[in-house]
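K.L.:
Sharing data.txt below, compact mmCIF, C-alpha atoms:
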# COMPACT_ATOMS: atom_id res chain seq x y z
CA MET M 1 -21.00 20.39 -14.21
CA GLN M 2 -17.99 21.08 -16.42
CA SER M 3 -14.60 20.40 -14.91
CA SER M 4 -12.42 23.39 -14.05
CA ALA M 5 -9.26 21.29 -14.29
CA THR M 6 -6.37 22.60 -16.37
CA VAL M 7 -6.20 19.18 -18.08
CA LYS M 8 -9.75 18.00 -18.72
CA GLN M 9 -9.18 14.25 -19.12
CA GLY M 10 -8.71 12.39 -15.84
CA TRP M 11 -6.61 9.64 -17.43
CA LEU M 12 -4.24 12.24 -18.92
CA ARG M 13 -3.82 13.90 -15.52
CA VAL M 14 -2.80 10.50 -14.16
CA VAL M 15 -0.26 9.97 -16.97
CA LEU M 16 1.31 13.38 -16.37
CA PHE M 17 1.38 12.79 -12.62
CA LEU M 18 3.03 9.36 -13.02
CA ILE M 19 5.72 10.75 -15.31
CA GLY M 20 6.62 13.41 -12.76
CA TYR M 21 6.32 11.04 -9.82
CA LEU M 22 8.50 8.30 -11.29
CA LEU M 23 11.17 10.75 -12.43
CA LEU M 24 11.38 12.35 -8.99
CA ILE M 25 11.46 8.98 -7.22
CA PHE M 26 14.11 7.65 -9.61
CA PHE M 27 16.46 10.62 -9.28
CA SER M 28 15.97 11.01 -5.52
CA ASN M 29 16.64 7.32 -4.87
CA ASN M 30 19.75 7.34 -7.04
CA LEU M 31 21.00 10.43 -5.24
CA LEU M 32 20.23 8.71 -1.95
CA ASN M 33 22.30 5.67 -2.99
CA VAL M 34 25.29 7.88 -3.76
CA MET M 35 24.96 9.76 -0.47
CA THR M 36 24.54 6.55 1.54
CA VAL M 37 27.67 5.01 0.05
CA ALA M 38 29.59 8.17 0.93
CA LEU M 39 28.25 8.41 4.48
CA PHE M 40 27.76 4.79 5.55
CA LYS M 41 29.96 2.88 3.06
CA ASN M 42 27.12 0.37 2.64
CA THR M 43 24.21 0.57 0.18
CA ASN M 44 22.37 -2.13 2.18
CA SER M 45 22.33 0.00 5.33
CA ILE M 46 19.00 0.23 7.10
CA ASN M 47 19.58 3.97 6.93
CA LEU M 48 19.01 3.75 3.17
CA LEU M 49 15.59 2.20 3.64
CA TYR M 50 14.42 4.57 6.36
CA THR M 51 15.72 7.67 4.63
CA GLY M 52 14.17 6.52 1.35
CA ILE M 53 10.77 6.18 3.00
CA CYS M 54 10.97 9.74 4.33
CA ILE M 55 12.05 11.09 0.94
CA ASN M 56 9.26 9.22 -0.86
CA PHE M 57 6.76 10.57 1.66
CA PHE M 58 7.96 14.13 1.05
CA ILE M 59 7.92 13.76 -2.76
CA SER M 60 4.44 12.21 -2.67
CA MET M 61 2.98 14.94 -0.48
CA VAL M 62 4.47 17.80 -2.48
CA LEU M 63 3.66 16.40 -5.92
CA VAL M 64 0.11 15.36 -5.06
CA PHE M 65 -0.54 18.76 -3.49
CA PHE M 66 0.88 20.55 -6.56
CA PHE M 67 -1.14 18.51 -9.06
CA ARG M 68 -4.33 18.71 -7.03
CA LYS M 69 -4.18 22.48 -6.69
CA THR M 70 -2.76 23.50 -10.09
CA ILE M 71 -3.82 20.72 -12.51
CA ASP M 72 -7.03 19.36 -10.95
CA ARG M 73 -7.95 22.71 -9.38
CA LYS M 74 -9.56 21.04 -6.40
CA SER M 75 -8.88 21.14 -2.67
CA PHE M 76 -6.27 18.85 -1.16
CA LYS M 77 -8.90 17.54 1.27
CA SER M 78 -11.07 16.40 -1.64
CA LEU M 79 -8.56 13.59 -2.30
CA GLY M 80 -10.43 11.68 0.41
CA LEU M 81 -9.00 13.14 3.61
CA ALA M 82 -12.30 13.92 5.35
CA TRP M 83 -12.08 12.38 8.84
CA SER M 84 -15.53 12.94 10.30
CA GLY M 85 -18.15 10.33 9.47
CA PHE M 86 -15.72 7.59 8.45
CA SER M 87 -14.93 5.93 11.79
CA LYS M 88 -16.47 2.61 10.69
CA GLU M 89 -14.27 2.60 7.59
CA ARG M 90 -11.14 3.24 9.67
CA VAL M 91 -11.97 0.50 12.17
CA GLY M 92 -13.01 -1.90 9.41
CA GLY M 93 -9.82 -1.33 7.44
CA PHE M 94 -7.58 -1.74 10.48
CA PHE M 95 -9.11 -5.00 11.69
CA THR M 96 -9.46 -6.44 8.20
CA GLY M 97 -5.68 -6.19 7.83
CA ILE M 98 -5.07 -7.85 11.20
CA LEU M 99 -7.63 -10.59 10.52
CA LEU M 100 -6.16 -11.48 7.13
CA THR M 101 -2.56 -11.70 8.33
CA THR M 102 -3.56 -13.66 11.42
CA VAL M 103 -5.68 -16.17 9.51
CA ILE M 104 -3.00 -16.80 6.87
CA ALA M 105 -0.23 -17.13 9.47
CA THR M 106 -2.40 -19.51 11.52
CA VAL M 107 -3.01 -21.70 8.47
CA LEU M 108 0.75 -21.90 7.86
CA TRP M 109 1.29 -22.79 11.53
CA LEU M 110 -1.40 -25.51 11.42
CA MET M 111 0.27 -26.92 8.29
CA GLN M 112 3.51 -27.02 10.32
CA LEU M 113 5.22 -24.75 7.82
CA LEU M 114 5.82 -21.96 10.30
CA GLN M 115 6.82 -21.53 13.93
CA TRP M 116 7.78 -18.52 16.01
CA PHE M 117 10.26 -17.80 18.76
CA ILE M 118 11.24 -14.68 20.68
CA THR M 119 14.76 -13.28 20.74
CA ASP M 120 16.06 -9.91 21.88
CA VAL M 121 13.48 -7.28 20.95
CA ASN M 122 14.70 -3.95 19.60
CA ALA M 123 11.99 -1.73 21.12
CA GLU M 124 13.42 1.46 19.64
CA GLY M 125 13.62 -0.13 16.21
CA LEU M 126 10.02 -1.35 16.44
CA LEU M 127 8.75 2.10 17.40
CA LEU M 128 10.65 3.67 14.51
CA VAL M 129 9.28 1.11 12.04
CA PHE M 130 5.77 1.66 13.45
CA ALA M 131 6.03 5.35 12.59
CA LEU M 132 7.59 4.75 9.19
CA LEU M 133 4.93 2.23 8.18
CA ILE M 134 2.29 4.85 8.99
CA LEU M 135 4.06 7.15 6.53
CA VAL M 136 4.21 4.38 3.91
CA ALA M 137 0.51 3.58 4.24
CA PHE M 138 -0.46 7.24 4.04
CA PHE M 139 1.65 8.35 1.09
CA GLU M 140 0.97 5.24 -1.01
CA GLU M 141 -2.77 5.57 -0.45
CA LEU M 142 -2.66 9.31 -1.12
CA VAL M 143 -0.94 8.60 -4.44
CA PHE M 144 -2.71 5.47 -5.68
CA ARG M 145 -6.21 5.86 -4.27
CA GLY M 146 -6.43 9.57 -3.44
CA TYR M 147 -4.91 10.89 -6.66
CA ILE M 148 -4.66 8.15 -9.29
CA LEU M 149 -7.92 6.29 -8.64
CA SER M 150 -9.96 9.45 -8.13
CA ASN M 151 -8.77 10.92 -11.44
CA LEU M 152 -9.25 7.67 -13.32
CA MET M 153 -12.85 7.65 -12.07
CA ASP M 154 -13.33 10.92 -13.95
CA SER M 155 -12.61 9.09 -17.22
CA LEU M 156 -13.62 5.48 -16.61
CA PRO M 157 -16.39 3.47 -14.94
CA LYS M 158 -15.52 3.00 -11.28
CA GLU M 159 -14.72 -0.74 -11.63
CA ALA M 160 -12.43 -0.13 -14.62
CA ALA M 161 -10.70 2.71 -12.78
CA LEU M 162 -10.17 0.42 -9.80
CA PHE M 163 -8.67 -2.29 -12.05
CA VAL M 164 -6.22 0.12 -13.71
CA SER M 165 -5.15 1.67 -10.40
CA ALA M 166 -4.52 -1.80 -8.96
CA ILE M 167 -2.32 -2.70 -11.95
CA LEU M 168 -0.30 0.49 -11.44
CA PHE M 169 0.01 -0.29 -7.72
CA ALA M 170 1.46 -3.73 -8.51
CA VAL M 171 3.86 -2.33 -11.11
CA PHE M 172 5.06 0.26 -8.57
CA HIS M 173 6.22 -2.60 -6.29
CA SER M 174 7.93 -4.57 -9.08
CA LEU M 175 11.42 -3.26 -8.21
CA ASN M 176 11.23 -4.60 -4.66
CA PRO M 177 13.70 -7.39 -3.77
CA ASP M 178 12.67 -10.96 -4.76
CA PHE M 179 9.56 -9.74 -6.61
CA ASN M 180 7.89 -12.47 -8.68
CA LEU M 181 4.70 -13.27 -10.60
CA ILE M 182 2.74 -14.40 -7.53
CA ALA M 183 3.73 -11.20 -5.75
CA PHE M 184 2.50 -9.19 -8.73
CA ILE M 185 -0.85 -10.99 -8.70
CA ASN M 186 -1.27 -10.56 -4.95
CA ILE M 187 -0.33 -6.89 -4.89
CA PHE M 188 -2.75 -6.33 -7.77
CA ILE M 189 -5.50 -8.00 -5.70
CA ALA M 190 -4.40 -5.91 -2.71
CA GLY M 191 -4.85 -2.83 -4.91
CA LEU M 192 -8.43 -3.92 -5.57
CA LEU M 193 -9.01 -4.48 -1.88
CA LEU M 194 -7.49 -1.12 -0.93
CA GLY M 195 -9.54 0.76 -3.51
CA ILE M 196 -12.89 -0.95 -3.22
CA ASN M 197 -14.12 1.31 -0.43
CA TYR M 198 -12.81 4.41 -2.21
CA ILE M 199 -14.90 3.93 -5.35
CA TYR M 200 -18.01 4.35 -3.17
CA THR M 201 -16.87 6.83 -0.52
CA LYS M 202 -14.00 8.74 -2.17
CA ASN M 203 -12.33 8.54 1.23
CA ILE M 204 -8.86 7.03 1.76
CA TRP M 205 -9.00 6.10 5.46
CA PHE M 206 -10.25 2.51 5.03
CA ALA M 207 -7.28 1.91 2.73
CA VAL M 208 -4.74 3.71 4.94
CA PHE M 209 -5.72 1.77 8.07
CA PHE M 210 -5.83 -1.57 6.22
CA HIS M 211 -2.50 -0.88 4.51
CA PHE M 212 -0.81 -0.04 7.81
CA SER M 213 -2.20 -2.95 9.84
CA TRP M 214 -1.40 -5.45 7.05
CA ASN M 215 2.22 -4.27 6.80
CA PHE M 216 2.81 -3.90 10.54
CA PHE M 217 1.33 -7.23 11.63
CA GLN M 218 2.87 -9.08 8.71
CA GLY M 219 6.36 -7.75 9.33
CA PRO M 220 7.26 -6.23 12.71
CA VAL M 221 4.78 -8.46 14.63
CA LEU M 222 4.75 -11.84 12.85
CA GLY M 223 8.26 -11.69 11.39
CA PHE M 224 7.57 -11.95 7.65
CA GLN M 225 9.36 -9.89 5.05
CA VAL M 226 7.22 -6.95 3.93
CA SER M 227 7.21 -6.85 0.12
CA GLY M 228 10.73 -8.26 0.12
CA ILE M 229 12.01 -5.92 2.84
CA GLU M 230 13.32 -7.16 6.19
CA LEU M 231 12.33 -5.08 9.21
CA PRO M 232 12.92 -5.30 12.99
CA THR M 233 10.43 -7.79 14.44
CA LEU M 234 8.79 -8.73 17.72
CA LEU M 235 8.67 -12.43 16.78
CA GLN M 236 11.33 -14.31 14.87
CA GLN M 237 10.12 -17.12 12.67
CA ASN M 238 11.32 -20.39 11.23
CA SER M 239 9.51 -21.29 8.01
CA LYS M 240 9.88 -24.37 5.85
CA GLY M 241 8.16 -26.01 2.93
CA SER M 242 7.15 -24.61 -0.42
CA VAL M 243 7.74 -20.91 -0.95
CA LEU M 244 4.51 -20.95 -2.96
CA LEU M 245 2.77 -21.22 0.42
CA THR M 246 5.13 -19.36 2.76
CA GLY M 247 6.02 -16.59 0.32
CA GLY M 248 9.75 -17.11 0.81
CA LYS M 249 11.98 -14.06 0.88
CA PHE M 250 9.31 -11.69 -0.43
CA GLY M 251 6.97 -12.40 2.48
CA LEU M 252 3.31 -13.34 2.65
CA GLU M 253 2.54 -11.30 -0.45
CA ALA M 254 4.20 -14.00 -2.58
CA SER M 255 2.05 -16.82 -1.15
CA TRP M 256 -0.84 -18.52 -2.96
CA LEU M 257 -2.66 -18.52 0.39
CA VAL M 258 -2.78 -14.74 0.17
CA THR M 259 -4.15 -14.98 -3.36
CA ILE M 260 -7.07 -17.06 -2.09
CA ALA M 261 -7.66 -15.07 1.11
CA MET M 262 -7.51 -11.66 -0.54
CA SER M 263 -9.69 -12.73 -3.49
CA ILE M 264 -12.38 -13.91 -1.08
CA THR M 265 -12.06 -10.69 0.94
CA VAL M 266 -12.43 -8.53 -2.18
CA MET M 267 -15.65 -10.34 -3.13
CA ILE M 268 -17.04 -10.02 0.41
CA LEU M 269 -16.19 -6.31 0.63
CA TYR M 270 -17.62 -5.64 -2.83
CA PHE M 271 -20.90 -7.22 -1.74
CA ILE M 272 -20.91 -5.27 1.54
CA PHE M 273 -20.14 -1.91 -0.06
CA GLN M 274 -22.56 -2.45 -2.94
CA LYS M 275 -25.27 -3.01 -0.37
CA LYS M 276 -24.22 -0.17 1.94
CA TYR M 277 -23.65 2.52 -0.68
CA ASN M 278 -26.37 2.62 -3.29
CA THR M 279 -24.48 5.07 -5.47
CA PRO M 280 -20.85 6.21 -5.62
CA ALA M 281 -19.97 9.35 -3.70
CA VAL M 282 -19.49 12.55 -5.66
CA ASP M 283 -17.22 15.52 -5.11
Could you express the structure from this file as structure tokens?

P.N.:
Amino acid sequence: MQSSATVKQGWLRVVLFLIGYLLLIFFSNNLLNVMTVALFKNTNSINLLYTGICINFFISMVLVFFFRKTIDRKSFKSLGLAWSGFSKERVGGFFTGILLTTVIATVLWLMQLLQWFITDVNAEGLLLVFALLILVAFFEELVFRGYILSNLMDSLPKEAALFVSAILFAVFHSLNPDFNLIAFINIFIAGLLLGINYIYTKNIWFAVFFHFSWNFFQGPVLGFQVSGIELPTLLQQNSKGSVLLTGGKFGLEASWLVTIAMSITVMILYFIFQKKYNTPAVD
């Protein structure tokens, strides 16, 4: 069936979307920096981070909605927002994120490179971060899996589309504090992991639930930086040894242990989904 999209090529729709998305993010974040300096006299204020997340969420929602309706000429729900029938994907994504972070942190603890202790817990701060990380997981998955990956699949074989979307996902995080080559590799692999269910189901909830649980248990629970960003935590940690293993200031996502663990997980999930879904889902 011929596409009714205004722009016929899926890859070109992605290019146009990225140009608009990056321009809006760039200008909004620069405006936010100016406003934060004026209001809080400190560009490192936690208010900058939290406000930035809310602005990025708003921009993502509006731009994806606009492109889906006017350029793709498809329903917003068709991005992969169907809820019914995907409970196993949601549960699987959520517990996969918890399992991975727990296993990697346990390995670091057994190697005596990491220990935890409890200090004063900022309950209000943890609840706020909990809510904000839900927003982060949702809008990043809506953009990179729901919009970018789905449109790339219109132009490329599903595995190639997954590879390109994962590269873009890693590049998107390259401006985070203390970003390095290992972080790039790991976030690329994370992009594969987050998208591997989507290329069969065209549903984003596995990715959203994995993305949230990985970020929340890595940062606010276990005390790591989350992609170079420090958040309020339940457990404080004392790490030592090579940053190639601990991830250093960027967090677990800059650790070679994550490279190994996520690579194995991608291969396992690929095998599982290949067996479960005989053919990719269609619109």

K.L.:
Could you check which of M:Leu181, M:Leu99, M:Gly191, M:Thr106 is closest to Leu244 of chain M, using all atoms listed in the file?

P.N.:
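Comparing M:Leu181, M:Leu99, M:Gly191, M:Thr106 against Leu244 of chain M, the winner is M:Leu181.
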
K.L.:
Report as a tab-separated table: every residue of segment 155-225 of chain M with an atom at most 7 Å from segment 85-90 of chain M, its closest pair of atoms, and their distance in Å to one decimal, counting all atoms listed in the file, with rows sorted by chain and ascending residue number.

P.N.:
residue	atom	partner	partner_atom	distance
M:Trp205	CA	M:Arg90	CA	5.5
M:Phe206	CA	M:Glu89	CA	4.8
M:Phe209	CA	M:Arg90	CA	5.8

K.L.:
Excluding same-chain residues fewer than 5 positions from Phe26 of chain M, what lies within 12 Å of it counting only C-alpha atoms, as a list in words?

P.N.:
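Here the qualifying residues turn out to be Leu18, Ile19, Gly20, Tyr21, Leu31, Leu32, Asn33, Gly52, Ile55, Asn56, Ile59, Phe172 and Leu175 of chain M.
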
K.L.:
I need the residue nearest Val14 of chain M from this list: M:Val164, M:Ala123, M:Ala105, M:Leu81. Use all atoms listed in the file for the distance.

P.N.:
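Closest to Val14 of chain M, using all atoms listed in the file: M:Val164.
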
K.L.:
Please return the centre and edge lengths, in Å to one decimal, of a box with edges along x, y and z that contains all listed atoms of segment 116-134 of chain M, widened by 6 Å on every side, as JSON.

P.N.:
{"center_x": 9.2, "center_y": -6.6, "center_z": 15.0, "size_x": 25.8, "size_y": 35.9, "size_z": 25.7}

K.L.:
Choose the residue, out of M:Ile148, M:Ala190, M:Leu127, M:Ile204, that has the smallest atom-to-atom separation from Arg68 of chain M; count only C-alpha atoms.

P.N.:
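The shortest atom-to-atom distance to Arg68 of chain M comes from M:Ile148.
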
K.L.:
Taking all atoms listed in the file into account, name the residue in M:Ala170, M:Leu16, M:Val143, M:Leu252 that is nearest to Gln225 of chain M.

P.N.:
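Of M:Ala170, M:Leu16, M:Val143, M:Leu252, the one nearest Gln225 of chain M, counting all atoms listed in the file, is M:Leu252.
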
K.L.:
Could you check the closest approach to Phe117 of chain M for each of M:Ile71, M:Leu222, M:Ile272, M:Val136 and tell me which residue wins, using only C-alpha atoms?

P.N.:
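Of M:Ile71, M:Leu222, M:Ile272, M:Val136, the one nearest Phe117 of chain M, counting only C-alpha atoms, is M:Leu222.
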